[in-house]
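Visitor: What follows is query-v9.csv; its format and atoms are CSV, C-alpha atoms (C1' of nucleotides).
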chain,number,residue,atom,x,y,z
A,1,MET,CA,211.3,302.2,-15.5
A,2,MET,CA,209.8,305.4,-16.7
A,3,ILE,CA,206.0,305.4,-16.2
A,4,SER,CA,204.6,304.8,-12.8
A,5,THR,CA,201.6,302.7,-11.8
A,6,ARG,CA,199.9,306.0,-11.1
A,7,GLY,CA,200.2,307.0,-14.8
A,8,ARG,CA,199.2,303.6,-16.1
A,9,TYR,CA,196.2,303.5,-13.9
A,10,ALA,CA,195.3,307.1,-14.9
A,11,LEU,CA,195.3,306.1,-18.6
A,12,ARG,CA,193.2,303.0,-17.9
A,13,VAL,CA,190.6,305.1,-16.1
A,14,MET,CA,190.4,307.6,-18.9
A,15,ILE,CA,190.0,304.8,-21.4
A,16,ASP,CA,187.4,303.2,-19.2
A,17,LEU,CA,185.4,306.4,-19.0
A,18,ALA,CA,185.6,307.0,-22.7
A,19,GLU,CA,184.4,303.5,-23.4
A,20,GLN,CA,181.3,303.9,-21.3
A,21,LYS,CA,180.0,306.4,-23.9
A,22,THR,CA,177.8,308.1,-21.5
A,23,ASP,CA,177.3,311.7,-20.5
A,24,SER,CA,176.3,310.9,-17.0
A,25,TYR,CA,178.7,310.6,-14.1
A,26,VAL,CA,180.4,307.2,-13.4
A,27,PRO,CA,181.2,306.4,-9.8
A,28,LEU,CA,184.7,305.5,-8.8
A,29,LYS,CA,183.4,302.3,-7.4
A,30,GLU,CA,182.4,301.0,-10.8
A,31,ILE,CA,185.6,302.0,-12.4
A,32,ALA,CA,187.7,300.4,-9.7
A,33,ALA,CA,185.7,297.2,-10.0
A,34,ARG,CA,186.0,297.0,-13.7
A,35,GLN,CA,189.7,297.8,-13.7
A,36,GLU,CA,190.5,295.8,-10.6
A,37,ILE,CA,192.2,298.7,-8.9
A,38,SER,CA,192.0,299.5,-5.2
A,39,GLU,CA,189.3,302.1,-4.7
A,40,LYS,CA,191.3,304.1,-2.2
A,41,TYR,CA,194.4,304.3,-4.4
A,42,LEU,CA,192.3,305.1,-7.5
A,43,GLU,CA,190.8,307.9,-5.5
A,44,SER,CA,194.1,309.6,-5.1
A,45,ILE,CA,194.8,309.3,-8.8
A,46,LEU,CA,191.4,310.7,-9.8
A,47,LYS,CA,192.0,313.7,-7.6
A,48,LEU,CA,195.0,314.5,-9.7
A,49,LEU,CA,193.0,314.2,-12.9
A,50,VAL,CA,190.2,316.4,-11.6
A,51,LYS,CA,192.8,319.0,-10.4
A,52,GLY,CA,194.3,318.9,-13.8
A,53,LYS,CA,190.9,319.4,-15.4
A,54,VAL,CA,190.8,316.4,-17.6
A,55,LEU,CA,187.9,315.0,-15.5
A,56,THR,CA,185.1,316.5,-13.6
A,57,GLY,CA,183.9,315.0,-10.4
A,58,LEU,CA,180.4,315.4,-9.0
A,59,ARG,CA,179.7,314.5,-5.3
A,60,GLY,CA,176.7,313.0,-3.8
A,61,LYS,CA,174.2,310.4,-4.9
A,62,GLY,CA,174.3,310.0,-8.6
A,63,GLY,CA,177.7,311.5,-8.7
A,64,GLY,CA,180.9,310.3,-10.1
A,65,TYR,CA,183.4,311.3,-12.8
A,66,ARG,CA,183.2,312.1,-16.4
A,67,LEU,CA,185.5,313.3,-19.2
A,68,ASN,CA,185.6,317.0,-20.0
A,69,LYS,CA,186.3,316.6,-23.7
A,70,ALA,CA,186.0,314.1,-26.6
A,71,PRO,CA,188.6,311.3,-26.5
A,72,GLU,CA,190.2,312.7,-29.6
A,73,GLU,CA,191.1,315.8,-27.8
A,74,TYR,CA,193.2,314.2,-25.1
A,75,THR,CA,196.8,313.6,-25.9
A,76,ILE,CA,198.6,311.0,-23.8
A,77,THR,CA,201.0,313.8,-22.7
A,78,SER,CA,198.1,315.8,-21.3
A,79,ILE,CA,197.2,312.9,-19.0
A,80,LEU,CA,200.6,311.6,-18.0
A,81,GLU,CA,202.0,315.0,-17.1
A,82,LEU,CA,199.4,315.1,-14.3
A,83,THR,CA,200.6,311.9,-12.7
A,84,GLU,CA,204.3,311.7,-13.5
A,85,GLU,CA,206.7,313.8,-11.5
A,86,THR,CA,208.4,314.4,-14.8
A,87,LEU,CA,208.6,312.9,-18.3
A,88,ALA,CA,212.2,314.1,-18.9
A,89,PRO,CA,214.7,311.3,-19.1
A,90,VAL,CA,217.3,313.0,-16.9
A,91,SER,CA,217.1,315.5,-14.1
A,92,CYS,CA,218.9,318.3,-15.9
A,93,LEU,CA,216.1,318.5,-18.4
A,94,GLN,CA,213.3,318.9,-15.9
A,95,LYS,CA,211.4,322.2,-15.9
A,96,ASP,CA,212.5,323.3,-12.5
A,97,ALA,CA,216.1,322.2,-12.9
A,98,GLU,CA,218.8,324.6,-11.9
A,99,PRO,CA,221.2,325.2,-14.8
A,100,CYS,CA,223.9,322.5,-14.9
A,101,GLN,CA,227.4,323.9,-14.5
A,102,ARG,CA,228.9,321.4,-16.8
A,103,ALA,CA,226.4,321.9,-19.6
A,104,HIS,CA,228.9,323.7,-21.9
A,105,ALA,CA,231.2,320.7,-21.8
A,106,CYS,CA,228.6,318.0,-21.5
A,107,ARG,CA,229.1,315.3,-24.1
A,108,THR,CA,225.7,313.7,-23.4
A,109,LEU,CA,223.3,316.6,-23.2
A,110,GLY,CA,222.5,316.4,-26.9
A,111,MET,CA,221.7,312.8,-26.6
A,112,TRP,CA,219.4,313.4,-23.7
A,113,LYS,CA,217.6,316.2,-25.5
A,114,GLY,CA,217.1,314.0,-28.5
A,115,LEU,CA,215.6,311.3,-26.4
A,116,ASP,CA,213.4,313.8,-24.5
A,117,GLN,CA,212.1,315.1,-27.8
A,118,LEU,CA,211.5,311.6,-29.2
A,119,VAL,CA,209.4,310.6,-26.2
A,120,ARG,CA,207.5,313.8,-26.1
A,121,ASP,CA,206.6,313.6,-29.8
A,122,TYR,CA,205.5,310.0,-29.3
A,123,PHE,CA,203.1,310.9,-26.5
A,124,ASP,CA,201.9,314.1,-28.2
A,125,HIS,CA,200.8,312.2,-31.3
A,126,ILE,CA,198.7,309.6,-29.6
A,127,THR,CA,195.2,310.5,-28.3
A,128,LEU,CA,192.9,308.7,-26.0
A,129,ALA,CA,190.7,307.9,-29.0
A,130,ASP,CA,193.6,306.0,-30.5
A,131,LEU,CA,193.6,303.6,-27.6
A,132,LEU,CA,189.9,302.7,-27.5
A,133,GLY,CA,189.0,299.2,-28.4
A,134,ASN,CA,192.7,298.2,-28.9
A,135,GLU,CA,193.4,294.5,-29.0
B,1,MET,CA,212.8,310.5,-14.8
B,2,MET,CA,214.2,307.6,-16.6
B,3,ILE,CA,218.0,307.5,-16.4
B,4,SER,CA,219.6,307.5,-13.0
B,5,THR,CA,222.7,309.4,-11.8
B,6,ARG,CA,224.4,306.1,-11.9
B,7,GLY,CA,223.8,305.7,-15.6
B,8,ARG,CA,224.8,309.2,-16.4
B,9,TYR,CA,228.0,308.9,-14.4
B,10,ALA,CA,228.8,305.6,-16.1
B,11,LEU,CA,228.5,307.2,-19.5
B,12,ARG,CA,230.7,310.2,-18.4
B,13,VAL,CA,233.4,307.8,-17.2
B,14,MET,CA,233.3,305.8,-20.4
B,15,ILE,CA,233.6,309.0,-22.4
B,16,ASP,CA,236.4,310.3,-20.1
B,17,LEU,CA,238.4,307.1,-20.6
B,18,ALA,CA,237.9,307.2,-24.4
B,19,GLU,CA,239.1,310.7,-24.5
B,20,GLN,CA,242.3,309.9,-22.7
B,21,LYS,CA,243.4,308.0,-25.8
B,22,THR,CA,245.8,305.8,-23.9
B,23,ASP,CA,246.3,302.1,-23.6
B,24,SER,CA,247.5,302.3,-20.1
B,25,TYR,CA,245.3,302.1,-17.0
B,26,VAL,CA,243.7,305.3,-15.7
B,27,PRO,CA,243.2,305.4,-11.9
B,28,LEU,CA,239.8,306.2,-10.5
B,29,LYS,CA,241.2,309.1,-8.6
B,30,GLU,CA,242.0,310.9,-11.8
B,31,ILE,CA,238.6,310.2,-13.4
B,32,ALA,CA,236.8,311.3,-10.3
B,33,ALA,CA,238.7,314.5,-10.1
B,34,ARG,CA,238.1,315.4,-13.8
B,35,GLN,CA,234.5,314.5,-13.6
B,36,GLU,CA,233.9,316.0,-10.2
B,37,ILE,CA,232.3,312.9,-8.9
B,38,SER,CA,232.8,311.4,-5.4
B,39,GLU,CA,235.5,308.7,-5.5
B,40,LYS,CA,233.6,306.3,-3.4
B,41,TYR,CA,230.4,306.6,-5.3
B,42,LEU,CA,232.2,306.3,-8.6
B,43,GLU,CA,233.9,303.2,-7.3
B,44,SER,CA,230.6,301.5,-6.9
B,45,ILE,CA,229.6,302.4,-10.5
B,46,LEU,CA,232.9,301.2,-11.9
B,47,LYS,CA,232.4,297.9,-10.2
B,48,LEU,CA,229.3,297.4,-12.3
B,49,LEU,CA,231.1,298.3,-15.5
B,50,VAL,CA,233.9,295.9,-14.8
B,51,LYS,CA,231.5,293.1,-13.9
B,52,GLY,CA,229.7,293.9,-17.1
B,53,LYS,CA,233.0,293.6,-19.0
B,54,VAL,CA,232.9,297.0,-20.6
B,55,LEU,CA,236.0,298.0,-18.6
B,56,THR,CA,239.0,296.1,-17.2
B,57,GLY,CA,240.3,297.1,-13.8
B,58,LEU,CA,243.9,296.5,-12.7
B,59,ARG,CA,244.9,296.6,-9.0
B,60,GLY,CA,248.1,297.8,-7.5
B,61,LYS,CA,250.5,300.6,-8.2
B,62,GLY,CA,250.1,301.7,-11.8
B,63,GLY,CA,246.7,300.2,-11.9
B,64,GLY,CA,243.4,301.7,-12.9
B,65,TYR,CA,240.7,301.2,-15.5
B,66,ARG,CA,240.7,301.0,-19.3
B,67,LEU,CA,238.2,300.3,-22.1
B,68,ASN,CA,238.0,296.8,-23.5
B,69,LYS,CA,237.1,297.9,-27.0
B,70,ALA,CA,237.2,300.8,-29.4
B,71,PRO,CA,234.6,303.5,-28.6
B,72,GLU,CA,232.8,302.7,-31.9
B,73,GLU,CA,232.1,299.3,-30.6
B,74,TYR,CA,230.1,300.4,-27.5
B,75,THR,CA,226.5,301.1,-27.9
B,76,ILE,CA,224.8,303.3,-25.3
B,77,THR,CA,222.5,300.4,-24.5
B,78,SER,CA,225.5,298.2,-23.7
B,79,ILE,CA,226.5,300.6,-21.0
B,80,LEU,CA,223.2,301.7,-19.6
B,81,GLU,CA,221.9,298.2,-19.2
B,82,LEU,CA,224.6,297.6,-16.6
B,83,THR,CA,223.6,300.5,-14.4
B,84,GLU,CA,219.8,300.8,-14.9
B,85,GLU,CA,217.5,298.4,-13.2
B,86,THR,CA,215.6,298.4,-16.5
B,87,LEU,CA,215.2,300.5,-19.6
B,88,ALA,CA,211.6,299.4,-20.2
B,89,PRO,CA,209.0,302.2,-19.8
B,90,VAL,CA,206.6,300.0,-17.7
B,91,SER,CA,207.0,297.1,-15.4
B,92,CYS,CA,205.0,294.6,-17.6
B,93,LEU,CA,207.7,294.9,-20.3
B,94,GLN,CA,210.6,294.0,-18.0
B,95,LYS,CA,212.5,290.8,-18.7
B,96,ASP,CA,211.6,289.1,-15.5
B,97,ALA,CA,208.0,290.3,-15.5
B,98,GLU,CA,205.3,287.7,-14.7
B,99,PRO,CA,202.8,287.7,-17.5
B,100,CYS,CA,200.0,290.3,-17.0
B,101,GLN,CA,196.6,288.8,-16.6
B,102,ARG,CA,195.0,291.7,-18.4
B,103,ALA,CA,197.3,291.7,-21.4
B,104,HIS,CA,194.7,290.3,-23.7
B,105,ALA,CA,192.3,293.2,-23.0
B,106,CYS,CA,195.0,295.9,-22.4
B,107,ARG,CA,194.4,299.0,-24.5
B,108,THR,CA,197.8,300.5,-23.7
B,109,LEU,CA,200.2,297.6,-24.1
B,110,GLY,CA,200.7,298.4,-27.8
B,111,MET,CA,201.6,301.9,-26.9
B,112,TRP,CA,204.1,300.9,-24.3
B,113,LYS,CA,205.7,298.4,-26.7
B,114,GLY,CA,206.0,301.1,-29.3
B,115,LEU,CA,207.7,303.4,-26.8
B,116,ASP,CA,210.0,300.7,-25.6
B,117,GLN,CA,211.1,300.0,-29.1
B,118,LEU,CA,211.6,303.6,-29.9
B,119,VAL,CA,213.9,304.1,-26.9
B,120,ARG,CA,215.8,300.9,-27.5
B,121,ASP,CA,216.5,301.8,-31.1
B,122,TYR,CA,217.6,305.2,-30.1
B,123,PHE,CA,220.2,303.9,-27.7
B,124,ASP,CA,221.2,301.1,-29.9
B,125,HIS,CA,222.2,303.4,-32.7
B,126,ILE,CA,224.4,305.7,-30.7
B,127,THR,CA,227.9,304.6,-29.9
B,128,LEU,CA,230.4,306.0,-27.4
B,129,ALA,CA,232.4,307.3,-30.3
B,130,ASP,CA,229.4,309.5,-31.3
B,131,LEU,CA,229.6,311.3,-28.0
B,132,LEU,CA,233.3,312.2,-28.0
B,133,GLY,CA,234.1,315.8,-28.4
B,134,ASN,CA,230.5,316.8,-28.5
B,135,GLU,CA,229.8,320.5,-27.8
C,1,DT,C1',163.7,316.5,5.3
C,2,DT,C1',166.1,312.7,6.0
C,3,DT,C1',169.0,309.1,4.1
C,4,DA,C1',172.2,307.2,1.2
C,5,DA,C1',175.7,307.6,-2.0
C,6,DT,C1',179.4,309.8,-3.5
C,7,DT,C1',183.6,312.8,-4.0
C,8,DC,C1',186.9,315.3,-1.3
C,9,DC,C1',190.6,315.8,2.2
C,10,DT,C1',194.3,314.8,5.6
C,11,DA,C1',197.2,311.9,7.4
C,12,DC,C1',199.4,307.8,7.9
C,13,DT,C1',202.5,303.3,6.7
C,14,DC,C1',205.6,300.3,4.4
C,15,DA,C1',208.9,298.8,1.0
C,16,DT,C1',212.1,299.9,-2.4
C,17,DT,C1',215.4,302.5,-4.7
C,18,DT,C1',218.9,306.0,-5.1
C,19,DA,C1',222.8,308.3,-3.8
C,20,DG,C1',226.4,308.4,-1.0
C,21,DT,C1',229.8,307.1,3.0
C,22,DA,C1',233.2,304.3,5.8
C,23,DG,C1',236.7,301.3,6.5
C,24,DG,C1',239.2,297.5,5.7
C,25,DT,C1',241.5,293.6,2.2
C,26,DT,C1',243.9,292.2,-1.7
C,27,DT,C1',247.0,292.8,-5.4
C,28,DA,C1',250.6,294.6,-8.4
C,29,DT,C1',254.5,297.6,-9.2
C,30,DA,C1',258.4,300.4,-8.4
D,1,DT,C1',259.1,296.3,1.3
D,2,DA,C1',256.4,300.4,0.7
D,3,DT,C1',252.9,302.3,-1.8
D,4,DA,C1',249.2,302.9,-4.8
D,5,DA,C1',245.6,301.1,-6.6
D,6,DA,C1',241.2,298.2,-7.2
D,7,DC,C1',238.1,295.4,-4.7
D,8,DC,C1',234.6,294.1,-1.1
D,9,DT,C1',231.1,294.5,2.7
D,10,DA,C1',228.3,297.1,5.2
D,11,DC,C1',226.0,301.0,6.5
D,12,DT,C1',223.0,305.6,6.3
D,13,DA,C1',219.7,309.0,4.8
D,14,DA,C1',216.4,310.8,1.8
D,15,DA,C1',213.0,310.4,-1.6
D,16,DT,C1',209.5,308.1,-4.0
D,17,DG,C1',205.9,304.9,-5.0
D,18,DA,C1',202.1,302.3,-3.7
D,19,DG,C1',198.7,301.8,-0.8
D,20,DT,C1',195.5,302.3,3.6
D,21,DA,C1',192.3,304.6,7.0
D,22,DG,C1',188.9,307.5,8.6
D,23,DG,C1',186.2,311.1,8.3
D,24,DA,C1',183.9,315.7,6.3
D,25,DA,C1',181.3,317.9,2.7
D,26,DT,C1',178.0,317.6,-0.8
D,27,DT,C1',174.3,316.2,-3.7
D,28,DA,C1',170.3,313.6,-5.3
D,29,DA,C1',166.7,310.7,-4.4
D,30,DA,C1',163.2,308.5,-1.3
Show how you would write the structure in this file as structure tokens.

Guide:
Amino acid sequence: MMISTRGRYALRVMIDLAEQKTDSYVPLKEIAARQEISEKYLESILKLLVKGKVLTGLRGKGGGYRLNKAPEEYTITSILELTEETLAPVSCLQKDAEPCQRAHACRTLGMWKGLDQLVRDYFDHITLADLLGNE
Amino acid sequence: MMISTRGRYALRVMIDLAEQKTDSYVPLKEIAARQEISEKYLESILKLLVKGKVLTGLRGKGGGYRLNKAPEEYTITSILELTEETLAPVSCLQKDAEPCQRAHACRTLGMWKGLDQLVRDYFDHITLADLLGNE
DNA sequence: TTTAATTCCTACTCATTTAGTAGGTTTATA
DNA sequence: TATAAACCTACTAAATGAGTAGGAATTAAA
């Protein structure tokens, strides 16, 4: 399996916020209730999204979270890259990977690169807006 | 990351065997040496491939492993499905998944299904023969 | 100015998976 | 009969994923 619960939850939160169609801050409690996700766990995910600047959090009474941009401006990649350790299909294609000694003779590298590109293109061409109101 | 070391090693072994172009049995020791993979670990992977009937193992002196079919007849899927727990991008699309309660209202299910299909098609349309002599 | 609501932060726990090791048993061939 | 090989069971160690606990800081409203 490729996408973690963390990533799936992150997307659901972003969609949830987009669907509220409000400029005010939405508290975690509400999101967690609607999405039926543990508040504490969700908290750790929202932290990643704030750190990654796709959300803004405001503390205190009346606080909560809100999107930083219009849904059309978020690609799926821009969200998932915050929650997933990596989106690459194999370790040798990760950003921080040390160069593989066997790369010159590797029969499979091309195939992995092709897959990586395929997945990346797929996620790059879907935006948050595309997911709203689905089904 | 999506594909395990197990899966990558399995493919390398299959390619190695195909490139030997022999009908006789090739001992694990030789494969492990050529591929620079621990014999013991490789053993556990070859067990999966034998169990999945893509290889045949022969014990005793002069024994080893050999392909059951021509390289053109092996899709990548047919090999990886033996080593990977699952190829589905999310848990709700796994074979044994219990039906998701939220599926009717899920905004992301369609996207996951699309990705699943994309990856599956990719691996279904590459055969072992396509990888031989690459690079 | 106090109180309540909220995010933010640090530190755990528990289960699963992955990668790998160790040692012995069975089987076939030379 | 010796030897070379696959086969089998069991173990370890590290990483990751999923989730929990408790409190500190901050903000707005009463």

Visitor: Based on only C-alpha atoms (C1' of nucleotides), which of the residues in chain D come within 6 Å of chain B? I want them as a PyMOL selection string.

Guide: chain D and resi 4-6

Visitor: Using atom CA of B:Val54 and atom C1' of C:DA19 as the two end points, give the distance in Å to one decimal.

Guide: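 If I compute the distance from atom CA of B:Val54 to atom C1' of C:DA19, I get 22.6 Å.
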
Visitor: May I ask you to extract the residues of chain C within 12 Å of chain A, using all atoms listed in the file, and to give them as a list in words?

Guide: DT3, DA4, DA5, DT6, DT7, DC8, DC9, DT10 and DT17 of chain C

Visitor: Write a file of the just-selected residues containing C-alpha atoms (C1' of nucleotides), as an mmCIF file, in the frame of the given file.

Guide:
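Full text of part_19.cif as output:
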data_model
loop_
_atom_site.group_PDB
_atom_site.id
_atom_site.type_symbol
_atom_site.label_atom_id
_atom_site.label_comp_id
_atom_site.auth_asym_id
_atom_site.auth_seq_id
_atom_site.Cartn_x
_atom_site.Cartn_y
_atom_site.Cartn_z
ATOM 1 C "C1'" DT C 3 169.000 309.100 4.100
ATOM 2 C "C1'" DA C 4 172.200 307.200 1.200
ATOM 3 C "C1'" DA C 5 175.700 307.600 -2.000
ATOM 4 C "C1'" DT C 6 179.400 309.800 -3.500
ATOM 5 C "C1'" DT C 7 183.600 312.800 -4.000
ATOM 6 C "C1'" DC C 8 186.900 315.300 -1.300
ATOM 7 C "C1'" DC C 9 190.600 315.800 2.200
ATOM 8 C "C1'" DT C 10 194.300 314.800 5.600
ATOM 9 C "C1'" DT C 17 215.400 302.500 -4.700
#

Visitor: So that I can check the surroundings of B:Asp116, please list as an mmCIF file with C-alpha atoms, keeping the file's coordinate frame every protein, DNA and RNA residue that reaches within 10 Å of it, counting all atoms listed in the file and ignoring chain neighbours fewer than 4 positions away.

Guide:
data_model
loop_
_atom_site.group_PDB
_atom_site.id
_atom_site.type_symbol
_atom_site.label_atom_id
_atom_site.label_comp_id
_atom_site.auth_asym_id
_atom_site.auth_seq_id
_atom_site.Cartn_x
_atom_site.Cartn_y
_atom_site.Cartn_z
ATOM 1 C CA VAL A 119 209.400 310.600 -26.200
ATOM 2 C CA LEU B 87 215.200 300.500 -19.600
ATOM 3 C CA ALA B 88 211.600 299.400 -20.200
ATOM 4 C CA PRO B 89 209.000 302.200 -19.800
ATOM 5 C CA VAL B 90 206.600 300.000 -17.700
ATOM 6 C CA LEU B 93 207.700 294.900 -20.300
ATOM 7 C CA GLY B 110 200.700 298.400 -27.800
ATOM 8 C CA MET B 111 201.600 301.900 -26.900
ATOM 9 C CA TRP B 112 204.100 300.900 -24.300
ATOM 10 C CA ARG B 120 215.800 300.900 -27.500
ATOM 11 C CA ASP B 121 216.500 301.800 -31.100
ATOM 12 C CA TYR B 122 217.600 305.200 -30.100
#

Visitor: Which residues of chain B are close to chain A, meaning at most 7 Å apart when you count all atoms listed in the file, and how do they look as a list in words?

Guide: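 Within 7 Å of chain A on chain B, we get Met1, Met2, Ile3, Thr86, Leu87, Ala88, Pro89, Val90, Ser91, His104, Ala105, Cys106, Arg107, Thr108, Leu131, Leu132, Gly133, Asn134 and Glu135 of chain B.
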
Visitor: Could you give me, as a ChimeraX atom specification, the residues within 12 Å of A:Lys53, counting all atoms listed in the file and dropping anything in the same chain fewer than 6 positions from it?

Guide: /A:46-47,65-69,74,78-79,82

Visitor: Could you check which of A:Leu55, A:Ile31, A:Leu42, A:Met14 is closest to D:DA18, using all atoms listed in the file?

Guide: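 With all atoms listed in the file as the atom set, the closest residue is A:Leu42.
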
Visitor: In Å, how far is it from atom C1' of D:DT1 to atom CA of B:Val26?

Guide: 24.6 Å

Visitor: Can you work out the spacing between atom CA of A:Ala129 and atom CA of A:Leu80 in Å, to one decimal?

Guide: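 Atom-to-atom, atom CA of A:Ala129 and atom CA of A:Leu80 are spaced 15.3 Å apart.
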